[in-house]
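Undergrad: I am sharing final_36.csv, which consists of CSV, C-alpha atoms:
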```
chain,number,residue,atom,x,y,z
A,382,MET,CA,163.3,101.3,128.4
A,383,ARG,CA,162.0,104.7,129.4
A,384,LYS,CA,165.5,106.0,129.4
A,385,LEU,CA,166.1,104.7,125.9
A,386,PHE,CA,162.8,106.3,124.7
A,387,LEU,CA,164.0,109.7,126.1
A,388,ILE,CA,167.3,109.4,124.3
A,389,LEU,CA,165.7,108.6,121.0
A,390,THR,CA,163.3,111.5,121.4
A,391,VAL,CA,166.1,113.9,122.0
A,392,LEU,CA,168.0,112.6,119.0
A,393,LEU,CA,165.0,112.9,116.7
A,394,LEU,CA,164.3,116.5,117.9
A,395,ALA,CA,168.0,117.3,117.2
A,396,VAL,CA,167.7,116.2,113.5
A,397,PRO,CA,167.1,119.1,111.1
A,398,ALA,CA,163.8,119.2,109.3
A,399,VAL,CA,163.8,117.1,106.2
A,400,ALA,CA,163.8,119.1,103.0
A,401,ASP,CA,161.0,118.4,100.5
A,402,ASP,CA,161.1,119.3,96.8
A,403,LEU,CA,157.9,120.8,95.5
A,404,THR,CA,157.3,120.6,91.7
A,405,VAL,CA,155.2,123.4,90.4
A,406,VAL,CA,153.9,123.9,86.8
A,407,THR,CA,152.1,127.0,85.4
A,408,ILE,CA,150.4,127.0,82.0
A,409,ASN,CA,147.9,129.2,80.3
A,410,VAL,CA,145.8,126.4,78.8
A,411,TRP,CA,144.2,128.7,76.2
A,412,SER,CA,140.4,129.1,75.9
A,413,GLY,CA,140.6,128.8,72.1
A,414,LEU,CA,138.2,131.8,71.8
A,415,ASP,CA,138.7,134.8,69.6
A,416,TYR,CA,136.7,137.0,72.0
A,417,GLU,CA,134.5,138.3,69.2
A,418,GLY,CA,130.8,137.9,69.3
A,419,THR,CA,127.8,138.6,71.6
A,420,LEU,CA,125.6,135.5,71.7
A,421,LYS,CA,128.6,133.2,71.2
A,422,MET,CA,132.3,133.9,70.8
A,423,GLY,CA,134.2,132.7,67.8
A,424,GLU,CA,136.3,129.6,68.3
A,425,TYR,CA,139.6,128.8,66.6
A,426,GLU,CA,139.1,125.0,66.9
A,427,SER,CA,136.5,122.3,66.5
A,428,PRO,CA,135.4,120.5,69.6
A,429,GLN,CA,137.4,117.5,68.4
A,430,VAL,CA,140.7,119.5,68.1
A,431,ARG,CA,140.0,121.0,71.5
A,432,GLU,CA,139.6,117.6,73.1
A,433,HIS,CA,142.7,116.3,71.4
A,434,ARG,CA,144.6,119.3,72.8
A,435,TYR,CA,143.2,118.6,76.3
A,436,GLN,CA,144.5,115.0,76.0
A,437,VAL,CA,147.9,116.2,75.0
A,438,LEU,CA,148.0,118.5,78.1
A,439,LEU,CA,146.8,115.7,80.4
A,440,SER,CA,149.3,113.2,79.0
A,441,GLU,CA,152.2,115.6,79.5
A,442,LEU,CA,151.1,116.7,83.0
A,443,LYS,CA,150.9,113.1,84.0
A,444,ARG,CA,154.5,112.6,82.8
A,445,LEU,CA,155.8,115.6,84.7
A,446,ASN,CA,153.9,114.5,87.8
A,447,PRO,CA,153.8,118.0,89.5
A,448,ASP,CA,152.6,118.7,93.1
A,449,VAL,CA,151.0,122.0,92.1
A,450,VAL,CA,149.5,123.2,88.8
A,451,ALA,CA,148.3,126.7,88.1
A,452,ILE,CA,146.2,127.3,85.0
A,453,ASN,CA,144.9,130.4,83.2
A,454,GLU,CA,142.1,130.8,80.6
A,455,ALA,CA,140.4,127.7,81.9
A,456,ASN,CA,137.0,127.6,80.0
A,457,PRO,CA,134.3,126.7,80.9
A,458,LEU,CA,134.6,126.8,84.7
A,459,PRO,CA,134.2,124.9,86.9
A,460,ARG,CA,133.9,122.0,84.5
A,461,TYR,CA,137.4,122.4,83.0
A,462,ALA,CA,139.2,122.6,86.4
A,463,ARG,CA,137.1,119.9,87.9
A,464,ARG,CA,137.9,117.5,85.0
A,465,LEU,CA,141.6,118.2,85.0
A,466,ALA,CA,141.8,117.8,88.8
A,467,ARG,CA,139.9,114.5,88.5
A,468,ASP,CA,142.1,113.2,85.7
A,469,LEU,CA,145.3,114.1,87.6
A,470,ALA,CA,143.9,112.9,91.0
A,471,MET,CA,144.3,116.4,92.5
A,472,ASP,CA,142.3,118.8,94.5
A,473,TYR,CA,141.4,122.2,93.0
A,474,VAL,CA,140.3,125.7,93.8
A,475,TYR,CA,139.0,128.0,91.0
A,476,SER,CA,137.6,131.5,90.3
A,477,VAL,CA,135.6,132.7,87.3
A,478,GLY,CA,137.3,135.8,86.0
A,479,MET,CA,135.1,136.6,83.0
A,480,GLY,CA,131.7,135.4,81.9
A,481,GLY,CA,129.6,138.1,80.3
A,482,LEU,CA,126.0,138.1,81.4
A,483,ARG,CA,125.4,134.9,83.2
A,484,ILE,CA,123.6,133.2,86.1
A,485,GLY,CA,125.1,129.8,86.8
A,486,PRO,CA,125.6,127.9,83.6
A,487,VAL,CA,123.1,130.0,81.6
A,488,GLY,CA,124.1,133.2,79.9
A,489,ILE,CA,125.8,134.9,77.0
A,490,PRO,CA,128.2,134.5,75.4
A,491,THR,CA,127.1,130.9,75.6
A,492,ASN,CA,130.6,129.4,75.4
A,493,PHE,CA,132.3,131.8,77.8
A,494,ARG,CA,133.0,131.2,81.5
A,495,GLU,CA,136.7,131.7,81.8
A,496,GLY,CA,139.1,132.0,84.8
A,497,ASP,CA,141.9,130.6,86.8
A,498,ALA,CA,142.6,127.6,89.0
A,499,ILE,CA,145.2,126.1,91.3
A,500,LEU,CA,145.4,122.3,91.5
A,501,ALA,CA,147.4,120.4,94.2
A,502,ARG,CA,148.3,116.8,94.8
A,503,LYS,CA,145.9,115.1,97.3
A,504,GLY,CA,147.3,115.0,100.8
A,505,LEU,CA,148.7,118.6,100.6
A,506,GLY,CA,145.6,120.0,102.1
A,507,LEU,CA,144.8,122.6,99.4
A,508,CYS,CA,142.7,125.4,100.9
A,509,SER,CA,141.4,128.6,99.2
A,510,LEU,CA,142.5,132.1,100.2
A,511,GLY,CA,140.0,133.7,98.0
A,512,LYS,CA,140.6,136.1,95.1
A,513,LYS,CA,141.0,139.8,94.3
A,514,ARG,CA,139.8,141.3,91.2
A,515,LEU,CA,142.5,143.4,89.7
A,516,SER,CA,140.6,145.2,86.9
A,517,GLY,CA,137.2,145.4,85.3
A,518,GLY,CA,133.8,146.6,86.5
A,519,GLY,CA,130.4,145.0,87.1
A,520,ILE,CA,129.7,141.8,89.1
A,521,ILE,CA,131.8,138.7,88.8
A,522,SER,CA,131.6,135.6,91.0
A,523,ASN,CA,131.6,131.9,90.5
A,524,PHE,CA,127.7,132.0,90.2
A,525,ILE,CA,126.9,135.3,88.6
A,526,THR,CA,128.7,137.6,86.1
A,527,ILE,CA,127.4,140.9,84.8
A,528,HIS,CA,130.1,142.7,82.9
A,529,ALA,CA,130.9,143.8,79.4
A,530,SER,CA,134.6,144.4,79.5
A,531,GLU,CA,137.9,142.6,80.3
A,532,SER,CA,138.5,141.7,83.9
A,533,ASN,CA,141.6,140.1,85.5
A,534,GLN,CA,142.2,138.6,88.9
A,535,VAL,CA,144.6,136.9,91.3
A,536,ILE,CA,143.6,133.8,93.3
A,537,GLY,CA,145.2,132.4,96.4
A,538,ALA,CA,145.5,129.1,98.2
A,539,THR,CA,147.6,127.3,100.8
A,540,ILE,CA,149.1,123.8,101.0
A,541,VAL,CA,151.2,122.1,103.6
A,542,ALA,CA,154.4,120.3,102.5
A,543,GLY,CA,157.3,119.1,104.6
A,544,GLY,CA,155.4,120.4,107.7
A,545,THR,CA,155.4,123.9,106.2
A,546,LYS,CA,152.5,126.0,105.1
A,547,ILE,CA,153.1,127.3,101.6
A,548,TYR,CA,151.2,130.2,100.1
A,549,LEU,CA,150.2,129.9,96.4
A,550,PHE,CA,149.0,132.6,94.1
A,551,ASN,CA,148.0,132.5,90.4
A,552,THR,CA,147.3,135.5,88.3
A,553,HIS,CA,146.5,136.5,84.7
A,554,THR,CA,147.2,140.2,83.8
A,555,HIS,CA,146.2,142.4,80.9
A,556,ALA,CA,147.6,141.6,77.5
A,557,SER,CA,149.0,144.5,75.4
A,558,PRO,CA,152.2,145.3,73.6
A,559,PRO,CA,155.3,146.5,75.5
A,560,LEU,CA,156.0,150.2,75.9
A,561,ASP,CA,159.5,150.1,74.5
A,562,GLU,CA,161.4,151.9,71.8
A,563,ALA,CA,161.9,148.8,69.7
A,564,PHE,CA,158.2,148.0,69.4
A,565,LEU,CA,157.3,151.7,68.9
A,566,GLY,CA,159.8,151.7,66.1
A,567,ARG,CA,158.1,148.8,64.4
A,568,LEU,CA,154.8,150.7,64.6
A,569,ASP,CA,156.5,153.7,62.9
A,570,GLY,CA,157.6,151.2,60.2
A,571,LEU,CA,153.9,150.3,59.6
A,572,PHE,CA,153.1,154.0,59.3
A,573,LYS,CA,155.8,154.5,56.7
A,574,GLU,CA,154.5,151.4,54.8
A,575,GLY,CA,151.1,153.0,54.7
A,576,ARG,CA,149.5,150.3,56.9
A,577,LEU,CA,148.7,152.8,59.6
A,578,THR,CA,147.5,156.4,59.1
A,579,GLU,CA,149.0,159.2,61.2
A,580,GLU,CA,145.8,159.1,63.3
A,581,GLY,CA,146.0,155.3,63.5
A,582,LEU,CA,149.6,155.5,64.7
A,583,ALA,CA,148.7,157.9,67.4
A,584,ARG,CA,145.8,155.7,68.5
A,585,ALA,CA,148.0,152.6,68.6
A,586,LYS,CA,150.6,154.3,70.7
A,587,VAL,CA,148.0,155.6,73.2
A,588,SER,CA,146.6,152.1,73.5
A,589,ILE,CA,150.1,150.8,74.4
A,590,ILE,CA,150.6,153.5,77.0
A,591,ASP,CA,147.2,152.8,78.5
A,592,GLY,CA,147.8,149.0,78.4
A,593,GLN,CA,151.1,149.3,80.3
A,594,ARG,CA,149.4,151.5,82.9
A,595,TRP,CA,146.5,148.9,83.2
A,596,ARG,CA,148.9,146.0,83.7
A,597,ALA,CA,151.1,148.0,86.2
A,598,ASP,CA,148.0,148.8,88.3
A,599,GLU,CA,147.0,145.1,88.3
A,600,ILE,CA,150.5,144.0,89.4
A,601,LYS,CA,150.3,146.5,92.3
A,602,GLY,CA,146.9,145.1,93.3
A,603,LEU,CA,148.1,141.5,93.2
A,604,LEU,CA,151.2,142.3,95.3
A,605,SER,CA,148.8,144.0,97.8
A,606,PHE,CA,146.7,140.8,97.9
A,607,VAL,CA,149.7,138.6,98.4
A,608,SER,CA,151.0,140.8,101.3
A,609,GLU,CA,147.5,140.8,102.9
A,610,LYS,CA,147.2,137.0,102.8
A,611,THR,CA,150.8,136.0,103.6
A,612,PRO,CA,152.5,136.1,107.0
A,613,VAL,CA,156.0,137.7,106.8
A,614,GLY,CA,158.7,135.2,106.0
A,615,SER,CA,156.4,132.4,104.9
A,616,PRO,CA,157.2,130.6,101.6
A,617,VAL,CA,155.3,132.2,98.7
A,618,ILE,CA,154.9,131.0,95.1
A,619,LEU,CA,153.5,133.5,92.7
A,620,MET,CA,152.8,132.2,89.2
A,621,GLY,CA,150.8,132.7,86.1
A,622,ASP,CA,150.5,134.6,82.8
A,623,PHE,CA,151.8,138.1,83.3
A,624,ASN,CA,151.7,139.2,79.7
A,625,ALA,CA,154.9,141.1,80.2
A,626,GLU,CA,158.6,140.3,80.1
A,627,ALA,CA,160.8,140.5,83.3
A,628,GLN,CA,162.6,143.6,82.3
A,629,THR,CA,159.5,145.8,81.7
A,630,PRO,CA,158.8,148.7,84.1
A,631,GLU,CA,155.5,147.2,85.3
A,632,MET,CA,157.2,144.0,86.5
A,633,GLN,CA,159.8,145.8,88.6
A,634,PRO,CA,157.7,146.0,91.8
A,635,ILE,CA,157.7,142.2,91.9
A,636,PHE,CA,161.5,142.2,92.1
A,637,GLU,CA,161.5,145.1,94.5
A,638,ARG,CA,159.4,143.0,96.9
A,639,GLY,CA,162.2,140.5,96.9
A,640,PHE,CA,160.6,137.9,94.6
A,641,VAL,CA,162.9,135.5,92.7
A,642,ASP,CA,162.3,134.6,89.1
A,643,THR,CA,162.9,130.9,89.5
A,644,PHE,CA,163.6,130.3,85.8
A,645,ALA,CA,166.2,133.0,85.6
A,646,ALA,CA,167.8,131.7,88.9
A,647,ARG,CA,168.7,128.4,87.2
A,648,ASN,CA,169.0,129.6,83.6
A,649,PRO,CA,170.4,133.1,83.6
A,650,ASP,CA,171.3,133.2,79.9
A,651,ALA,CA,168.4,131.2,78.4
A,652,PRO,CA,165.5,133.1,76.8
A,653,GLY,CA,162.9,130.5,78.1
A,654,TYR,CA,160.2,131.6,75.7
A,655,THR,CA,156.7,130.7,76.8
A,656,TRP,CA,155.1,132.6,74.0
A,657,ASP,CA,156.7,131.5,70.7
A,658,PRO,CA,154.3,131.6,67.8
A,659,ALA,CA,157.0,130.6,65.3
A,660,ALA,CA,157.5,127.3,67.2
A,661,ASN,CA,154.0,126.7,68.5
A,662,ALA,CA,151.6,124.8,66.3
A,663,HIS,CA,148.8,127.3,67.2
A,664,GLY,CA,150.9,130.3,66.1
A,665,ALA,CA,149.1,130.3,62.7
A,666,TYR,CA,145.9,131.4,64.4
A,667,TYR,CA,147.5,134.8,65.1
A,668,ALA,CA,148.6,135.5,61.5
A,669,GLU,CA,145.0,136.5,60.6
A,670,MET,CA,143.4,139.3,62.5
A,671,GLN,CA,139.9,138.7,63.9
A,672,GLY,CA,137.3,141.4,63.4
A,673,GLU,CA,137.8,145.0,62.2
A,674,PRO,CA,141.5,145.9,61.8
A,675,THR,CA,141.6,148.8,64.2
A,676,PRO,CA,144.9,150.5,65.0
A,677,GLU,CA,144.8,148.8,68.5
A,678,LYS,CA,144.3,145.4,66.9
A,679,ILE,CA,147.1,146.0,64.4
A,680,ALA,CA,149.5,146.8,67.3
A,681,GLY,CA,148.3,143.7,69.2
A,682,SER,CA,148.7,141.4,66.2
A,683,LEU,CA,152.2,142.7,65.6
A,684,ASP,CA,153.1,141.9,69.2
A,685,ASP,CA,151.5,138.5,68.9
A,686,LEU,CA,154.3,137.4,66.5
A,687,VAL,CA,157.1,138.2,68.9
A,688,GLN,CA,158.9,135.5,70.9
A,689,LYS,CA,158.9,136.3,74.7
A,690,ARG,CA,158.8,134.9,78.2
A,691,ILE,CA,155.6,136.1,79.8
A,692,ASP,CA,154.7,133.2,82.1
A,693,PHE,CA,156.5,133.1,85.5
A,694,ILE,CA,157.0,131.2,88.7
A,695,PHE,CA,158.2,133.6,91.4
A,696,GLY,CA,159.5,132.6,94.8
A,697,GLY,CA,158.9,134.9,97.7
A,698,GLY,CA,159.3,135.1,101.5
A,699,SER,CA,161.6,132.2,102.5
A,700,VAL,CA,161.8,130.9,98.9
A,701,SER,CA,165.2,132.3,97.9
A,702,ALA,CA,167.2,131.7,94.7
A,703,ASP,CA,169.3,128.9,96.4
A,704,LYS,CA,166.0,127.0,97.0
A,705,VAL,CA,165.4,126.6,93.3
A,706,VAL,CA,166.5,123.1,92.4
A,707,GLU,CA,165.4,123.2,88.7
A,708,SER,CA,163.4,125.3,86.3
A,709,ARG,CA,162.6,124.8,82.7
A,710,VAL,CA,160.1,125.3,79.9
A,711,VAL,CA,157.7,122.4,79.6
A,712,LEU,CA,154.6,121.5,77.6
A,713,ASP,CA,156.4,122.6,74.5
A,714,GLU,CA,156.4,119.3,72.6
A,715,LYS,CA,153.9,118.4,69.9
A,716,MET,CA,151.9,115.2,70.0
A,717,GLU,CA,150.2,114.2,66.8
A,718,GLY,CA,150.8,117.7,65.4
A,719,LEU,CA,149.4,119.7,68.3
A,720,HIS,CA,150.8,121.6,71.3
A,721,PRO,CA,148.7,121.6,74.4
A,722,SER,CA,148.2,125.4,74.3
A,723,ASP,CA,149.2,128.5,72.5
A,724,HIS,CA,151.6,129.1,75.4
A,725,PHE,CA,154.3,126.8,76.6
A,726,GLY,CA,154.4,126.0,80.3
A,727,LEU,CA,157.0,126.5,83.0
A,728,MET,CA,158.1,124.1,85.6
A,729,SER,CA,160.1,124.8,88.8
A,730,VAL,CA,161.3,122.5,91.5
A,731,ILE,CA,161.5,124.3,94.8
A,732,ARG,CA,163.1,123.0,98.0
A,733,ILE,CA,160.9,123.5,101.0
A,734,GLY,CA,162.4,123.4,104.5
A,735,ARG,CA,166.1,123.3,105.4
```
Step by step, read the file and then write its structure as structure tokens.
TA:
Amino acid sequence: MRKLFLILTVLLLAVPAVADDLTVVTINVWSGLDYEGTLKMGEYESPQVREHRYQVLLSELKRLNPDVVAINEANPLPRYARRLARDLAMDYVYSVGMGGLRIGPVGIPTNFREGDAILARKGLGLCSLGKKRLSGGGIISNFITIHASESNQVIGATIVAGGTKIYLFNTHTHASPPLDEAFLGRLDGLFKEGRLTEEGLARAKVSIIDGQRWRADEIKGLLSFVSEKTPVGSPVILMGDFNAEAQTPEMQPIFERGFVDTFAARNPDAPGYTWDPAANAHGAYYAEMQGEPTPEKIAGSLDDLVQKRIDFIFGGGSVSADKVVESRVVLDEKMEGLHPSDHFGLMSVIRIGR
């Protein structure tokens, strides 16, 4: 009997590790705020519509049955992340990214406590790696926020799947139009039509240059955080709303670090738009500019109407292109006339282990 036990033990040790497929979804769930106002920010939707939209999101996520979900613009925190995690039977970690002037649940704007979260299926041992603020001044934590300008962050966590520790990161970077000739040409067209003055055109172009620099600095910061938290060669999944397309200059450091765009790995010729105002039921909200029509807002509104893929799931470390089993745009179907967000989501299935 002892001899048989030893033989079975040797055979089991000789068997390669079983590969596990990890299904990951990233989605900017959309706060529904217009970011105008001091005591309370304007809201595009009624509470009833917002609840309907949440139920659409929940129904679709249940159907997709992911192991990991990354969300951006979750508002208010922690309530939104806690509710979604409970309804999906998942664990969660979160970090407030913006909140105005606030101590705990009390503060102004009264309806603003926004941030990012990572959810994982129970049993995967979700554990927080903390966060790094990528831009913005003041004090921002899960309990207190004292700031008056935009702030963005990256949050990290680990799970264990297939006996392997996997490092997860979720980020949301600065939104501004791309610094490319095609978009600058469209601004020149607005100037020729008389919709921008010469001074306004110059201001709009400066804001685009500053915006790209802002986003580029954030991406350098998030890559530094990922390197700091991740042992060399470990599987890494970096996801979120980057507010930039893959070919832009600010995104190139991600590829230079060896990260794989999981969607492009499986769909090299597909656009995979995650921002598509023409197809999204919420695109109508961007047709009308909020507040004073400054040159910066005019440029931003023009960019809001452009189809693009700005949400990503990147694989790094031991997650190579051949480990991507599947990747596709999800959460892009209407239910009872509504999409779950102004973004579409992205889902990738990644093979962990051999």
Undergrad: What separation in Å, quoted to one decimal, exists between atom CA of Thr675 of chain A and atom CA of Phe493 of chain A?
TA: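 Answer for the atom CA of Thr675 of chain A to atom CA of Phe493 of chain A separation: 23.7 Å.
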Undergrad: Suppose you want the space between atom CA of Phe636 of chain A and atom CA of Ala702 of chain A; what is it in Å?
TA: 12.2 Å
Undergrad: May I ask for the distance between atom CA of Met479 of chain A and atom CA of Ile521 of chain A, given in Å to one decimal place?
TA: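 Interatomic distance here is 7.0 Å.
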Undergrad: With a cut-off of 8 Å, could you pull out the residues of segment 478-589 of chain A touching segment 601-623 of chain A and give me the nearest pair of atoms for each, distance in Å to one decimal, using all atoms listed in the file, ordered by chain and ascending number, as JSON lines?
TA:
```
{"residue": "A:Leu510", "atom": "CA", "partner": "A:Lys610", "partner_atom": "CA", "distance": 7.3}
{"residue": "A:Lys513", "atom": "CA", "partner": "A:Phe606", "partner_atom": "CA", "distance": 6.8}
{"residue": "A:Leu515", "atom": "CA", "partner": "A:Gly602", "partner_atom": "CA", "distance": 5.9}
{"residue": "A:Gln534", "atom": "CA", "partner": "A:Leu603", "partner_atom": "CA", "distance": 7.9}
{"residue": "A:Val535", "atom": "CA", "partner": "A:Leu603", "partner_atom": "CA", "distance": 6.1}
{"residue": "A:Gly537", "atom": "CA", "partner": "A:Val607", "partner_atom": "CA", "distance": 7.9}
{"residue": "A:Lys546", "atom": "CA", "partner": "A:Pro616", "partner_atom": "CA", "distance": 7.4}
{"residue": "A:Ile547", "atom": "CA", "partner": "A:Pro616", "partner_atom": "CA", "distance": 5.3}
{"residue": "A:Tyr548", "atom": "CA", "partner": "A:Val617", "partner_atom": "CA", "distance": 4.8}
{"residue": "A:Leu549", "atom": "CA", "partner": "A:Ile618", "partner_atom": "CA", "distance": 5.0}
{"residue": "A:Phe550", "atom": "CA", "partner": "A:Leu619", "partner_atom": "CA", "distance": 4.8}
{"residue": "A:Asn551", "atom": "CA", "partner": "A:Met620", "partner_atom": "CA", "distance": 5.0}
{"residue": "A:Thr552", "atom": "CA", "partner": "A:Gly621", "partner_atom": "CA", "distance": 5.0}
{"residue": "A:His553", "atom": "CA", "partner": "A:Asp622", "partner_atom": "CA", "distance": 4.8}
{"residue": "A:Thr554", "atom": "CA", "partner": "A:Phe623", "partner_atom": "CA", "distance": 5.1}
{"residue": "A:His555", "atom": "CA", "partner": "A:Phe623", "partner_atom": "CA", "distance": 7.5}
{"residue": "A:Ala556", "atom": "CA", "partner": "A:Phe623", "partner_atom": "CA", "distance": 8.0}
```
Undergrad: Within 9 Å of Trp411 of chain A, counting all atoms listed in the file, which residues show up once you throw out same-chain ones fewer than 5 positions away? Write them as a VMD selection string, please.
TA: chain A and resid 453 to 456 721 to 724
Undergrad: Taking (153.7, 123.7, 92.9) as a centre in this file's frame and 8 Å as the limit, can you find every polymer residue with an atom that close, using all atoms listed in the file, and give them as a PyMOL selection string?
TA: chain A and resi 403-406+447-451+501+549+618+729-730
Undergrad: Extract, using all atoms listed in the file, all DNA, RNA and protein residues at most 9 Å from Pro490 of chain A, discarding same-chain residues fewer than 2 positions from it, and format them as a count of residues only.
TA: 13
Undergrad: Find, counting all atoms listed in the file, the residue in A:Val700, A:Leu719, A:Phe564, A:Arg460 that gets nearest to Asp685 of chain A.
TA: A:Phe564
Undergrad: Using all atoms listed in the file, determine which residues lie at most 8 Å from segment 642-657 of chain A, disregarding the query and same-chain residues fewer than 5 positions distant; provide the list as a VMD selection string.
TA: chain A and resid 664 686 to 696 702 705 to 710 723 to 727 729
Undergrad: Between A:Leu442, A:Ala625, A:Ile452, A:Val541, which residue has the minimum interatomic distance to Glu714 of chain A, considering all atoms listed in the file?
TA: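 Among A:Leu442, A:Ala625, A:Ile452, A:Val541, it is A:Leu442 that comes nearest to Glu714 of chain A.
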Undergrad: Find, counting only C-alpha atoms, the residue in A:Thr491, A:Gln593, A:Gln436, A:Ser701 that gets nearest to Asp468 of chain A.
TA: A:Gln436
Undergrad: Using all atoms listed in the file, which of A:Gly511, A:Pro630, A:Gly478, A:Gly518 sits nearest Asp497 of chain A?
TA: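 Looking only at the distances to Asp497 of chain A, the closest residue turns out to be A:Gly478.
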Undergrad: Determine, counting all atoms listed in the file, which protein, DNA and RNA residues have an atom within 10 Å of an atom of Gly592 of chain A; residues of the same chain fewer than 5 positions away are not included. Present the result as a ChimeraX atom specification.
TA: /A:555-560,586-587,597-598
Undergrad: Need the neighbours of (159.9, 139.1, 100.3): which residues are at most 8 Å away, counting only C-alpha atoms, as JSON, numbers by chain?
TA: {"A": [613, 614, 638, 639, 640, 697, 698, 699]}
Undergrad: Tell me, as a PyMOL selection string, which residues lie within 9 Å of Leu568 of chain A, counting all atoms listed in the file; anything in the same chain fewer than 2 positions away does not count.
TA: chain A and resi 563-566+570-573+577+582+585-586+680+683
Undergrad: Produce a file of the selected residues containing C-alpha atoms, as a PDB file, keeping the file's coordinate frame.
TA:
```
ATOM      1  CA  ALA A 563     161.900 148.800  69.700  1.00  0.00           C
ATOM      2  CA  PHE A 564     158.200 148.000  69.400  1.00  0.00           C
ATOM      3  CA  LEU A 565     157.300 151.700  68.900  1.00  0.00           C
ATOM      4  CA  GLY A 566     159.800 151.700  66.100  1.00  0.00           C
ATOM      5  CA  GLY A 570     157.600 151.200  60.200  1.00  0.00           C
ATOM      6  CA  LEU A 571     153.900 150.300  59.600  1.00  0.00           C
ATOM      7  CA  PHE A 572     153.100 154.000  59.300  1.00  0.00           C
ATOM      8  CA  LYS A 573     155.800 154.500  56.700  1.00  0.00           C
ATOM      9  CA  LEU A 577     148.700 152.800  59.600  1.00  0.00           C
ATOM     10  CA  LEU A 582     149.600 155.500  64.700  1.00  0.00           C
ATOM     11  CA  ALA A 585     148.000 152.600  68.600  1.00  0.00           C
ATOM     12  CA  LYS A 586     150.600 154.300  70.700  1.00  0.00           C
ATOM     13  CA  ALA A 680     149.500 146.800  67.300  1.00  0.00           C
ATOM     14  CA  LEU A 683     152.200 142.700  65.600  1.00  0.00           C
TER      15      LEU A 683
END
```
Undergrad: Reconstruct N, CA and C atoms of segment 560-572 of chain A; output as a JSON list (two decimals), in the coordinates of the input.
TA:
```json
[["chain", "number", "residue", "atom", "x", "y", "z"],
["A", 560, "LEU", "N", 155.66, 148.80, 76.11],
["A", 560, "LEU", "CA", 156.00, 150.20, 75.90],
["A", 560, "LEU", "C", 157.51, 150.34, 75.83],
["A", 561, "ASP", "N", 158.09, 150.00, 74.68],
["A", 561, "ASP", "CA", 159.50, 150.10, 74.50],
["A", 561, "ASP", "C", 159.85, 150.69, 73.14],
["A", 562, "GLU", "N", 161.06, 151.23, 73.00],
["A", 562, "GLU", "CA", 161.40, 151.90, 71.80],
["A", 562, "GLU", "C", 161.44, 150.97, 70.57],
["A", 563, "ALA", "N", 161.85, 149.72, 70.79],
["A", 563, "ALA", "CA", 161.90, 148.80, 69.70],
["A", 563, "ALA", "C", 160.53, 148.53, 69.08],
["A", 564, "PHE", "N", 159.54, 148.32, 69.96],
["A", 564, "PHE", "CA", 158.20, 148.00, 69.40],
["A", 564, "PHE", "C", 157.58, 149.30, 68.84],
["A", 565, "LEU", "N", 157.78, 150.45, 69.47],
["A", 565, "LEU", "CA", 157.30, 151.70, 68.90],
["A", 565, "LEU", "C", 157.88, 151.96, 67.54],
["A", 566, "GLY", "N", 159.16, 151.58, 67.37],
["A", 566, "GLY", "CA", 159.80, 151.70, 66.10],
["A", 566, "GLY", "C", 159.17, 150.84, 65.02],
["A", 567, "ARG", "N", 158.74, 149.67, 65.39],
["A", 567, "ARG", "CA", 158.10, 148.80, 64.40],
["A", 567, "ARG", "C", 156.72, 149.38, 64.01],
["A", 568, "LEU", "N", 156.04, 150.04, 64.95],
["A", 568, "LEU", "CA", 154.80, 150.70, 64.60],
["A", 568, "LEU", "C", 155.06, 151.87, 63.61],
["A", 569, "ASP", "N", 156.14, 152.61, 63.86],
["A", 569, "ASP", "CA", 156.50, 153.70, 62.90],
["A", 569, "ASP", "C", 156.77, 153.10, 61.53],
["A", 570, "GLY", "N", 157.34, 151.89, 61.50],
["A", 570, "GLY", "CA", 157.60, 151.20, 60.20],
["A", 570, "GLY", "C", 156.26, 150.93, 59.49],
["A", 571, "LEU", "N", 155.23, 150.53, 60.24],
["A", 571, "LEU", "CA", 153.90, 150.30, 59.60],
["A", 571, "LEU", "C", 153.33, 151.58, 59.06],
["A", 572, "PHE", "N", 153.56, 152.68, 59.75],
["A", 572, "PHE", "CA", 153.10, 154.00, 59.30],
["A", 572, "PHE", "C", 153.77, 154.35, 57.95]]
```
